[in-house]
>>> print(open('target.txt').read())   # compact mmCIF, C-alpha atoms
# COMPACT_ATOMS: atom_id res chain seq x y z
CA MET H 29 -74.06 79.03 55.64
CA MET H 30 -73.57 80.91 58.88
CA PRO H 31 -75.54 84.16 59.16
CA LEU H 32 -73.72 87.17 57.82
CA ARG H 33 -72.06 89.10 60.65
CA ILE H 34 -72.18 92.84 60.16
CA ALA H 35 -70.67 95.30 62.65
CA VAL H 36 -71.45 99.00 62.52
CA LEU H 37 -68.54 100.92 64.05
CA ILE H 38 -69.16 104.47 65.24
CA PRO H 39 -66.25 106.39 66.83
CA CYS H 40 -67.61 109.22 68.96
CA TYR H 41 -66.42 112.32 70.74
CA ASN H 42 -69.08 114.68 72.11
CA GLU H 43 -71.89 113.74 69.71
CA GLU H 44 -74.87 113.72 72.10
CA LEU H 45 -77.00 115.80 69.71
CA SER H 46 -76.90 113.28 66.87
CA ILE H 47 -75.82 109.87 68.15
CA THR H 48 -79.30 108.66 69.13
CA GLN H 49 -80.73 109.25 65.65
CA VAL H 50 -77.65 107.76 63.97
CA ILE H 51 -77.98 104.54 65.98
CA ARG H 52 -81.72 104.25 65.35
CA ASP H 53 -81.24 104.82 61.63
CA PHE H 54 -78.58 102.10 61.40
CA MET H 55 -80.77 99.69 63.38
CA ALA H 56 -83.59 100.29 60.92
CA GLU H 57 -81.35 100.04 57.87
CA LEU H 58 -79.30 97.01 59.04
CA PRO H 59 -81.56 95.19 61.54
CA ASP H 60 -79.25 92.18 61.82
CA ALA H 61 -76.10 94.23 62.46
CA THR H 62 -74.50 94.89 65.83
CA ILE H 63 -74.00 98.60 66.54
CA TYR H 64 -70.80 99.49 68.40
CA VAL H 65 -70.16 102.99 69.71
CA TYR H 66 -66.59 103.63 70.85
CA ASP H 67 -66.43 106.71 73.03
CA ASN H 68 -63.23 108.75 72.96
CA ASN H 69 -63.35 110.70 76.26
CA SER H 70 -66.61 112.53 75.62
CA SER H 71 -67.50 115.18 78.20
CA ASP H 72 -71.21 115.33 77.31
CA ARG H 73 -74.00 112.70 77.39
CA THR H 74 -72.85 110.76 74.33
CA VAL H 75 -72.37 107.51 76.27
CA ALA H 76 -75.76 107.69 78.01
CA ARG H 77 -77.57 108.51 74.77
CA ALA H 78 -75.85 105.66 72.91
CA ARG H 79 -76.80 103.13 75.60
CA GLU H 80 -80.38 104.38 75.68
CA ALA H 81 -80.58 103.91 71.91
CA GLY H 82 -79.48 100.26 72.24
CA ALA H 83 -75.87 100.34 71.02
CA THR H 84 -72.99 98.41 72.54
CA VAL H 85 -70.78 101.06 74.10
CA ARG H 86 -67.04 100.64 74.56
CA PHE H 87 -64.21 103.02 75.31
CA GLU H 88 -60.82 104.16 74.01
CA THR H 89 -59.06 106.61 76.31
CA ILE H 90 -56.17 107.58 73.99
CA GLN H 91 -57.42 110.65 72.16
CA GLY H 92 -57.67 110.53 68.38
CA LYS H 93 -59.75 108.80 65.71
CA GLY H 94 -56.83 106.63 64.63
CA HIS H 95 -56.51 105.19 68.14
CA VAL H 96 -60.23 104.48 68.25
CA VAL H 97 -60.18 102.69 64.88
CA ARG H 98 -57.18 100.62 66.02
CA ARG H 99 -59.12 99.49 69.09
CA MET H 100 -62.26 98.73 67.06
CA PHE H 101 -60.43 96.65 64.48
CA SER H 102 -58.62 94.74 67.23
CA ASP H 103 -61.69 93.98 69.34
CA ILE H 104 -64.43 93.14 66.86
CA LYS H 105 -64.78 90.16 64.55
CA ALA H 106 -67.31 90.26 61.71
CA ASP H 107 -67.70 89.46 58.02
CA TYR H 108 -68.26 93.09 57.07
CA TYR H 109 -67.69 96.32 58.93
CA VAL H 110 -69.53 99.59 58.38
CA LEU H 111 -67.50 102.54 59.62
CA ALA H 112 -69.33 105.85 60.05
CA ASP H 113 -69.10 108.97 62.18
CA GLY H 114 -71.63 109.75 64.87
CA ASP H 115 -72.32 113.31 63.72
CA GLY H 116 -75.27 112.46 61.46
CA THR H 117 -73.68 113.82 58.28
CA TYR H 118 -73.62 110.51 56.40
CA GLU H 119 -76.53 108.91 54.56
CA VAL H 120 -77.40 105.88 56.67
CA ALA H 121 -79.80 104.64 53.99
CA ALA H 122 -76.77 103.92 51.79
CA ALA H 123 -75.35 101.36 54.28
CA SER H 124 -77.34 98.37 53.02
CA ARG H 125 -76.56 99.33 49.44
CA MET H 126 -72.85 99.45 50.22
CA VAL H 127 -72.87 96.16 52.15
CA ASN H 128 -74.83 94.40 49.39
CA ARG H 129 -72.41 95.63 46.79
CA ALA H 130 -69.41 94.46 48.82
CA LEU H 131 -71.08 91.08 49.33
CA SER H 132 -72.25 90.54 45.75
CA GLU H 133 -69.00 91.67 44.11
CA GLY H 134 -66.56 90.30 46.70
CA LEU H 135 -65.13 93.72 47.49
CA ASP H 136 -62.76 94.50 50.33
CA MET H 137 -63.73 98.17 50.56
CA VAL H 138 -66.66 100.27 49.40
CA ASN H 139 -65.97 103.96 49.81
CA ALA H 140 -68.85 106.43 50.16
CA VAL H 141 -68.31 109.36 47.82
CA ARG H 142 -69.87 112.39 49.49
CA VAL H 143 -72.31 114.46 47.46
CA ALA H 144 -73.12 117.59 49.46
CA ASP H 145 -76.75 118.01 50.47
CA GLY H 146 -76.78 121.80 50.66
CA ALA H 147 -74.10 124.47 50.49
CA ALA H 148 -73.36 124.33 54.22
CA ALA H 149 -72.60 120.60 54.36
CA TYR H 150 -68.93 121.18 53.52
CA ARG H 151 -66.90 123.74 55.44
CA ARG H 152 -65.06 126.39 53.46
CA GLY H 153 -61.98 125.05 51.77
CA HIS H 154 -62.74 121.38 52.44
CA VAL H 155 -63.87 120.57 48.89
CA LEU H 156 -60.70 122.05 47.36
CA GLY H 157 -58.47 120.51 50.03
CA ASN H 158 -60.04 117.08 49.56
CA ARG H 159 -59.60 117.26 45.79
CA LEU H 160 -55.98 118.35 46.04
CA LEU H 161 -55.01 115.70 48.61
CA THR H 162 -56.97 112.96 46.80
CA GLY H 163 -55.42 113.93 43.48
CA LEU H 164 -51.93 113.86 45.00
CA VAL H 165 -52.36 110.37 46.48
CA MET H 166 -54.10 108.95 43.41
CA SER H 167 -51.35 110.25 41.11
CA ILE H 168 -48.78 108.33 43.17
CA PHE H 169 -50.63 105.16 44.22
CA GLY H 170 -53.20 104.69 41.44
CA ARG H 171 -56.34 106.49 40.27
CA ARG H 172 -59.08 104.30 41.70
CA MET H 173 -60.79 106.69 44.14
CA THR H 174 -62.31 110.16 44.03
CA ASP H 175 -63.00 110.89 47.73
CA MET H 176 -60.03 109.63 49.70
CA LEU H 177 -60.96 111.43 52.94
CA SER H 178 -64.47 110.01 53.32
CA GLY H 179 -65.09 108.57 56.78
CA TYR H 180 -67.99 106.37 55.63
CA ARG H 181 -66.85 102.98 54.36
CA VAL H 182 -67.61 99.27 54.31
CA PHE H 183 -64.73 96.85 54.86
CA SER H 184 -64.34 93.11 54.57
CA GLU H 185 -62.83 91.08 57.39
CA ARG H 186 -59.63 90.47 55.45
CA PHE H 187 -59.15 94.22 54.96
CA VAL H 188 -59.63 94.96 58.66
CA LYS H 189 -57.45 92.17 59.97
CA SER H 190 -54.58 92.93 57.59
CA PHE H 191 -54.64 96.69 58.15
CA PRO H 192 -51.75 97.95 60.33
CA VAL H 193 -53.22 101.10 61.88
CA MET H 194 -50.37 103.58 62.32
CA SER H 195 -52.19 106.92 62.44
CA SER H 196 -53.53 108.64 65.54
CA GLY H 197 -56.02 111.13 64.09
CA PHE H 198 -58.08 111.97 61.01
CA GLU H 199 -55.25 110.96 58.68
CA ILE H 200 -56.52 107.39 59.18
CA GLU H 201 -58.68 107.76 56.02
CA THR H 202 -55.53 108.31 53.96
CA GLU H 203 -54.08 105.11 55.38
CA PHE H 204 -57.27 103.18 54.48
CA SER H 205 -56.96 104.28 50.87
CA VAL H 206 -53.25 103.61 50.48
CA HIS H 207 -53.55 100.17 52.12
CA ALA H 208 -56.22 99.13 49.61
CA LEU H 209 -54.33 100.56 46.63
CA GLU H 210 -50.97 99.07 47.60
CA LEU H 211 -52.40 95.54 47.93
CA ASP H 212 -54.48 95.93 44.74
CA MET H 213 -57.64 95.05 46.65
CA PRO H 214 -61.01 94.91 44.87
CA ILE H 215 -62.66 98.18 45.84
CA ALA H 216 -65.51 100.38 44.63
CA GLU H 217 -67.14 103.73 45.35
CA GLU H 218 -70.79 104.52 46.02
CA PRO H 219 -72.25 108.05 45.76
CA THR H 220 -73.98 109.06 49.00
CA ARG H 221 -75.58 112.21 50.37
CA TYR H 222 -73.45 114.35 52.66
CA ILE H 223 -75.78 116.06 55.12
CA GLU H 224 -75.36 119.33 56.96
CA ARG H 225 -74.57 119.01 60.67
CA GLN H 226 -77.30 119.63 63.21
CA GLN H 227 -77.35 123.09 64.69
CA GLY H 228 -75.12 123.19 67.77
CA SER H 229 -72.99 120.25 66.60
CA ILE H 230 -69.32 121.15 66.11
CA SER H 231 -66.89 119.40 63.76
CA LYS H 232 -63.82 117.92 65.43
CA LEU H 233 -61.74 118.38 62.27
CA ASN H 234 -59.31 121.30 62.37
CA THR H 235 -59.03 122.48 58.77
CA TYR H 236 -55.39 123.60 58.77
CA GLN H 237 -53.86 121.48 61.54
CA ASP H 238 -55.41 118.22 60.36
CA GLY H 239 -54.77 119.17 56.74
CA LEU H 240 -51.06 119.51 57.49
CA ARG H 241 -51.10 116.19 59.38
CA ILE H 242 -52.72 114.49 56.38
CA LEU H 243 -50.11 116.03 54.08
CA PHE H 244 -47.32 114.79 56.37
CA THR H 245 -48.94 111.32 56.40
CA ILE H 246 -48.93 111.29 52.60
CA PHE H 247 -45.24 112.27 52.65
CA THR H 248 -44.49 109.45 55.12
CA LEU H 249 -46.47 106.87 53.13
CA VAL H 250 -44.65 107.78 49.94
CA GLN H 251 -41.31 107.39 51.72
CA ARG H 252 -42.40 104.04 53.16
CA GLU H 253 -44.40 102.54 50.29
CA LYS H 254 -42.67 104.13 47.26
CA PRO H 255 -39.01 104.33 48.38
CA ILE H 256 -37.57 104.20 44.85
CA LEU H 257 -39.64 107.23 43.85
CA PHE H 258 -38.96 109.10 47.09
CA TYR H 259 -35.22 108.54 47.40
CA PHE H 260 -34.38 108.70 43.69
CA LEU H 261 -36.27 111.99 43.41
CA SER H 262 -34.44 113.32 46.48
CA GLY H 263 -31.14 112.15 44.98
CA ALA H 264 -31.96 113.86 41.69
CA ILE H 265 -32.57 117.15 43.51
CA PHE H 266 -29.20 116.89 45.30
CA PHE H 267 -27.51 115.96 42.01
CA VAL H 268 -28.90 118.95 40.11
CA ILE H 269 -27.99 121.42 42.89
CA GLY H 270 -24.55 119.83 43.27
CA LEU H 271 -23.97 120.01 39.53
CA ALA H 272 -24.99 123.66 39.38
CA THR H 273 -22.68 124.43 42.30
CA GLY H 274 -19.75 122.36 41.05
CA ILE H 275 -19.61 123.32 37.34
CA PRO H 276 -18.20 126.84 37.99
CA VAL H 277 -15.56 125.30 40.27
CA ILE H 278 -14.54 122.80 37.58
CA MET H 279 -14.42 125.53 34.95
CA ASP H 280 -12.15 127.68 37.14
CA TYR H 281 -9.87 124.68 37.73
CA THR H 282 -9.57 123.77 34.04
CA ARG H 283 -8.80 127.39 33.16
CA THR H 284 -6.38 128.32 35.99
CA GLY H 285 -5.45 125.08 37.72
CA LEU H 286 -6.68 126.58 40.98
CA VAL H 287 -9.75 126.15 43.18
CA PRO H 288 -10.58 129.70 44.31
CA ARG H 289 -14.13 128.72 45.33
CA LEU H 290 -13.28 126.21 48.03
CA PRO H 291 -16.63 126.48 49.90
CA SER H 292 -18.51 125.82 46.65
CA ALA H 293 -16.28 122.83 45.95
CA VAL H 294 -16.96 121.37 49.42
CA LEU H 295 -20.69 122.01 49.07
CA ALA H 296 -20.83 120.39 45.63
CA THR H 297 -18.91 117.34 46.93
CA GLY H 298 -21.29 117.02 49.88
CA LEU H 299 -24.37 117.26 47.65
CA MET H 300 -23.03 114.55 45.33
CA LEU H 301 -22.36 112.32 48.33
CA LEU H 302 -25.93 112.92 49.53
CA CYS H 303 -27.16 111.93 46.07
CA ALA H 304 -25.24 108.65 46.28
CA VAL H 305 -26.59 108.00 49.81
CA CYS H 306 -30.16 108.61 48.62
CA LEU H 307 -29.75 106.12 45.78
CA GLN H 308 -28.43 103.48 48.17
CA CYS H 309 -31.21 104.17 50.69
CA GLY H 310 -33.80 103.81 47.93
CA ILE H 311 -32.48 100.38 46.92
CA ILE H 312 -32.29 99.15 50.54
CA MET H 313 -35.71 100.54 51.53
CA ASN H 314 -37.28 99.04 48.41
CA GLY H 315 -36.14 95.59 49.54
CA ILE H 316 -37.58 96.20 53.03
CA ARG H 317 -40.82 97.42 51.47
CA HIS H 318 -41.16 94.19 49.47
CA GLY H 319 -40.79 92.20 52.70
CA ARG H 320 -43.50 94.26 54.39
CA GLN H 321 -45.75 93.85 51.37
CA GLU H 322 -45.37 90.09 51.50
CA MET H 323 -46.28 90.05 55.20
CA LYS H 324 -49.35 92.22 54.63
CA ARG H 325 -50.39 90.06 51.70
CA LEU H 326 -50.08 86.89 53.79
CA ALA H 327 -52.14 88.47 56.58
CA TYR H 328 -54.69 89.50 53.98
CA LEU H 329 -54.90 86.01 52.49
CA SER H 330 -55.21 84.35 55.90
CA HIS H 331 -58.84 85.54 56.08
CA THR H 332 -61.69 84.52 53.80
CA ILE H 333 -64.36 86.78 52.38
CA ARG H 334 -68.08 86.15 52.24
CA ILE H 335 -69.43 86.50 48.71
CA GLY H 336 -73.16 86.46 48.02
CA GLN H 337 -74.86 84.89 45.05
>>> encode(input="target.txt", output="structure tokens")
Amino acid sequence: MMPLRIAVLIPCYNEELSITQVIRDFMAELPDATIYVYDNNSSDRTVARAREAGATVRFETIQGKGHVVRRMFSDIKADYYVLADGDGTYEVAAASRMVNRALSEGLDMVNAVRVADGAAAYRRGHVLGNRLLTGLVMSIFGRRMTDMLSGYRVFSERFVKSFPVMSSGFEIETEFSVHALELDMPIAEEPTRYIERQQGSISKLNTYQDGLRILFTIFTLVQREKPILFYFLSGAIFFVIGLATGIPVIMDYTRTGLVPRLPSAVLATGLMLLCAVCLQCGIIMNGIRHGRQEMKRLAYLSHTIRIGQ
């Protein structure tokens, strides 16, 4: 058999304090892998440090992690991909364990579940936010993951080459999870240490802004991937409000033969029409969704997966 091709993908933005050690650790842990650092307009010495450490350095000028991942997945061909951040917060020693598990079990994604190594590893509110967002997505798309927002993962080639990257920022992790769940891919999770950042290193994640973007991404994915649920629920809301608004109008009419509440009658009629439109949109969008699912499944099946013995 051909040698196993492993690519370590590290998106970077101003990580000069940690990138050298991250690259060296991955080289020691996965000596046969190729280390790629994709710089996203860093203003410090990230690029120079990465080159000095022996990584292959490439560039993506459109700002945002989603854009960087899109470029990585387009450019690089491998059997398995290890995606990690360059901030030194992930346990590099778990990489070989995750790759071996993906290889031995024929998995398309192994997600690193972060176990905090010290109280300061997680920023305030991140644990609760992660649990709430993960619980929301898992309740809709299937309960097969416990840390949806982890940025440390191993992917197979068929996952990467069938994944239509639509996000621009940190909401990309949500897209990873939903893509795997929607196609019923074989996936697993591996507990890993989550390490406190080096002193002087600053997280690029904005707690509230990126949290809202992730929430909006979940809303969009539900509308796109679960149209029956989304539109029928929206229609039900319009129906209930329309019914509550229209019943007093009907009661007045049956009692007096008049419609004294004309604005309420118009509003109730409009809400019922919106309910009907939502039901029709749900049926139409569900057909479109099935077509997209078939295309993604065909793209997924067009690539083989390396499975170890």
>>> atom_distance(input="target.txt", atom1="atom CA of Gly315 of chain H", atom2="atom CA of Met166 of chain H")
23.2 Å
>>> residues_around(input="target.txt", residues="Pro276 of chain H", least_positions_apart="4", cutoff="10 Å", atoms="all atoms listed in the file", output="PDB file with C-alpha atoms, in the frame of the given file")
ATOM      1  CA  LEU H 271     -23.970 120.010  39.530  1.00  0.00           C
ATOM      2  CA  ALA H 272     -24.990 123.660  39.380  1.00  0.00           C
ATOM      3  CA  ASP H 280     -12.150 127.680  37.140  1.00  0.00           C
ATOM      4  CA  TYR H 281      -9.870 124.680  37.730  1.00  0.00           C
ATOM      5  CA  THR H 282      -9.570 123.770  34.040  1.00  0.00           C
ATOM      6  CA  VAL H 287      -9.750 126.150  43.180  1.00  0.00           C
ATOM      7  CA  ARG H 289     -14.130 128.720  45.330  1.00  0.00           C
ATOM      8  CA  SER H 292     -18.510 125.820  46.650  1.00  0.00           C
ATOM      9  CA  ALA H 293     -16.280 122.830  45.950  1.00  0.00           C
TER      10      ALA H 293
END
>>> atom_distance(input="target.txt", atom1="atom CA of Phe204 of chain H", atom2="atom CA of Phe169 of chain H")
12.4 Å
>>> closest_residue(input="target.txt", among="H:Pro255, H:Gly319, H:Gly310, H:Pro291", to="Ile168 of chain H", atoms="only C-alpha atoms")
H:Pro255
>>> closest_residue(input="target.txt", among="H:Ile246, H:Ile215, H:Gly179, H:Ala81", to="Leu160 of chain H", atoms="all atoms listed in the file")
H:Ile246
>>> axis_aligned_box(input="target.txt", around="segment 206-214 of chain H", padding_each_side="6 Å", output="lines of an AutoDock Vina configuration file")
center_x = -56.0
center_y = 99.3
center_z = 48.4
size_x = 22.0
size_y = 20.7
size_z = 19.4
>>> closest_residue(input="target.txt", among="H:Asp238, H:Glu43, H:Glu322, H:Asp136", to="Gly157 of chain H", atoms="all atoms listed in the file")
H:Asp238
>>> residues_around(input="target.txt", residues="His331 of chain H", least_positions_apart="3", cutoff="8 Å", atoms="all atoms listed in the file", output="VMD selection string")
chain H and resid 185 to 186 189 327 to 328
>>> closest_residue(input="target.txt", among="H:Thr74, H:Ser262, H:Ser195, H:Asn158", to="Val96 of chain H", atoms="only C-alpha atoms")
H:Ser195
>>> residues_around(input="target.txt", residues="Ile104 of chain H", least_positions_apart="4", cutoff="9 Å", atoms="only C-alpha atoms", output="list in words")
Ala35, Arg99 and Met100 of chain H
>>> atom_distance(input="target.txt", atom1="atom CA of Gln226 of chain H", atom2="atom CA of Arg86 of chain H")
24.4 Å
>>> residues_around(input="target.txt", residues="Glu210 of chain H", least_positions_apart="5", cutoff="9 Å", atoms="all atoms listed in the file", output="list in words")
Phe169, Gly170, Ser205, Glu253 and Gln321 of chain H
>>> closest_residue(input="target.txt", among="H:Gly285, H:Gly82, H:Gly94, H:Gly116", to="Thr202 of chain H", atoms="all atoms listed in the file")
H:Gly94
>>> residues_around(input="target.txt", residues="segment 46-54 of chain H", least_positions_apart="2", cutoff="10 Å", atoms="only C-alpha atoms", output="ChimeraX atom specification")
/H:36,38,40,42-44,56-65,73-83,110,112-124,225-226,229
>>> closest_residue(input="target.txt", among="H:Leu177, H:Met213, H:Val85, H:Ala264", to="Ala304 of chain H", atoms="all atoms listed in the file")
H:Ala264
>>> decode(input="target.txt", residues="segment 205-234 of chain H", atoms="N, CA and C atoms", output="mmCIF file, in the first residue's frame")
data_model
loop_
_atom_site.group_PDB
_atom_site.id
_atom_site.type_symbol
_atom_site.label_atom_id
_atom_site.label_comp_id
_atom_site.auth_asym_id
_atom_site.auth_seq_id
_atom_site.Cartn_x
_atom_site.Cartn_y
_atom_site.Cartn_z
ATOM 1 N N SER H 205 -19.621 19.862 12.544
ATOM 2 C CA SER H 205 -20.443 18.925 13.301
ATOM 3 C C SER H 205 -21.731 18.587 12.568
ATOM 4 N N VAL H 206 -22.405 19.595 12.036
ATOM 5 C CA VAL H 206 -23.669 19.367 11.352
ATOM 6 C C VAL H 206 -23.451 18.571 10.066
ATOM 7 N N HIS H 207 -22.363 18.845 9.349
ATOM 8 C CA HIS H 207 -22.065 18.096 8.125
ATOM 9 C C HIS H 207 -21.923 16.603 8.433
ATOM 10 N N ALA H 208 -21.185 16.272 9.491
ATOM 11 C CA ALA H 208 -20.995 14.867 9.855
ATOM 12 C C ALA H 208 -22.304 14.227 10.305
ATOM 13 N N LEU H 209 -23.097 14.952 11.079
ATOM 14 C CA LEU H 209 -24.349 14.396 11.586
ATOM 15 C C LEU H 209 -25.386 14.222 10.484
ATOM 16 N N GLU H 210 -25.455 15.169 9.561
ATOM 17 C CA GLU H 210 -26.450 15.096 8.496
ATOM 18 C C GLU H 210 -26.174 13.953 7.528
ATOM 19 N N LEU H 211 -24.908 13.621 7.288
ATOM 20 C CA LEU H 211 -24.573 12.521 6.387
ATOM 21 C C LEU H 211 -24.385 11.199 7.127
ATOM 22 N N ASP H 212 -24.686 11.199 8.429
ATOM 23 C CA ASP H 212 -24.555 9.971 9.247
ATOM 24 C C ASP H 212 -23.167 9.356 9.117
ATOM 25 N N MET H 213 -22.146 10.191 9.149
ATOM 26 C CA MET H 213 -20.773 9.697 9.025
ATOM 27 C C MET H 213 -20.351 8.945 10.288
ATOM 28 N N PRO H 214 -19.441 7.986 10.144
ATOM 29 C CA PRO H 214 -18.865 7.358 11.340
ATOM 30 C C PRO H 214 -17.918 8.337 12.024
ATOM 31 N N ILE H 215 -18.234 8.708 13.243
ATOM 32 C CA ILE H 215 -17.432 9.683 13.973
ATOM 33 C C ILE H 215 -17.210 9.178 15.396
ATOM 34 N N ALA H 216 -16.262 9.793 16.085
ATOM 35 C CA ALA H 216 -15.988 9.444 17.477
ATOM 36 C C ALA H 216 -15.406 10.664 18.167
ATOM 37 N N GLU H 217 -15.334 10.596 19.492
ATOM 38 C CA GLU H 217 -14.722 11.659 20.283
ATOM 39 C C GLU H 217 -13.598 11.086 21.128
ATOM 40 N N GLU H 218 -12.594 11.912 21.365
ATOM 41 C CA GLU H 218 -11.421 11.506 22.143
ATOM 42 C C GLU H 218 -11.135 12.580 23.186
ATOM 43 N N PRO H 219 -11.146 12.237 24.479
ATOM 44 C CA PRO H 219 -10.827 13.234 25.511
ATOM 45 C C PRO H 219 -9.372 13.702 25.386
ATOM 46 N N THR H 220 -9.163 14.997 25.434
ATOM 47 C CA THR H 220 -7.818 15.564 25.355
ATOM 48 C C THR H 220 -7.685 16.705 26.358
ATOM 49 N N ARG H 221 -6.454 16.980 26.753
ATOM 50 C CA ARG H 221 -6.207 18.095 27.665
ATOM 51 C C ARG H 221 -6.369 19.415 26.926
ATOM 52 N N TYR H 222 -6.980 20.371 27.617
ATOM 53 C CA TYR H 222 -7.093 21.729 27.097
ATOM 54 C C TYR H 222 -6.218 22.611 27.974
ATOM 55 N N ILE H 223 -5.183 23.195 27.374
ATOM 56 C CA ILE H 223 -4.095 23.817 28.121
ATOM 57 C C ILE H 223 -4.263 25.333 28.135
ATOM 58 N N GLU H 224 -3.876 25.922 29.245
ATOM 59 C CA GLU H 224 -3.941 27.371 29.369
ATOM 60 C C GLU H 224 -2.994 28.043 28.383
ATOM 61 N N ARG H 225 -3.438 29.156 27.810
ATOM 62 C CA ARG H 225 -2.610 29.916 26.879
ATOM 63 C C ARG H 225 -1.339 30.423 27.547
ATOM 64 N N GLN H 226 -0.298 30.590 26.730
ATOM 65 C CA GLN H 226 0.920 31.202 27.233
ATOM 66 C C GLN H 226 0.652 32.651 27.624
ATOM 67 N N GLN H 227 1.393 33.120 28.598
ATOM 68 C CA GLN H 227 1.250 34.499 29.021
ATOM 69 C C GLN H 227 1.625 35.440 27.884
ATOM 70 N N GLY H 228 0.764 36.402 27.612
ATOM 71 C CA GLY H 228 0.979 37.339 26.512
ATOM 72 C C GLY H 228 0.245 36.962 25.247
ATOM 73 N N SER H 229 -0.238 35.700 25.172
ATOM 74 C CA SER H 229 -1.003 35.251 24.012
ATOM 75 C C SER H 229 -2.471 35.609 24.218
ATOM 76 N N ILE H 230 -3.090 36.166 23.190
ATOM 77 C CA ILE H 230 -4.466 36.657 23.288
ATOM 78 C C ILE H 230 -5.385 35.839 22.380
ATOM 79 N N SER H 231 -6.513 35.406 22.924
ATOM 80 C CA SER H 231 -7.484 34.659 22.141
ATOM 81 C C SER H 231 -8.126 35.557 21.088
ATOM 82 N N LYS H 232 -8.346 34.998 19.908
ATOM 83 C CA LYS H 232 -8.979 35.752 18.817
ATOM 84 C C LYS H 232 -10.503 35.624 18.850
ATOM 85 N N LEU H 233 -11.009 34.793 19.762
ATOM 86 C CA LEU H 233 -12.452 34.565 19.864
ATOM 87 C C LEU H 233 -13.095 35.651 20.706
ATOM 88 N N ASN H 234 -14.062 36.346 20.135
ATOM 89 C CA ASN H 234 -14.846 37.337 20.857
ATOM 90 C C ASN H 234 -16.071 36.639 21.437
#
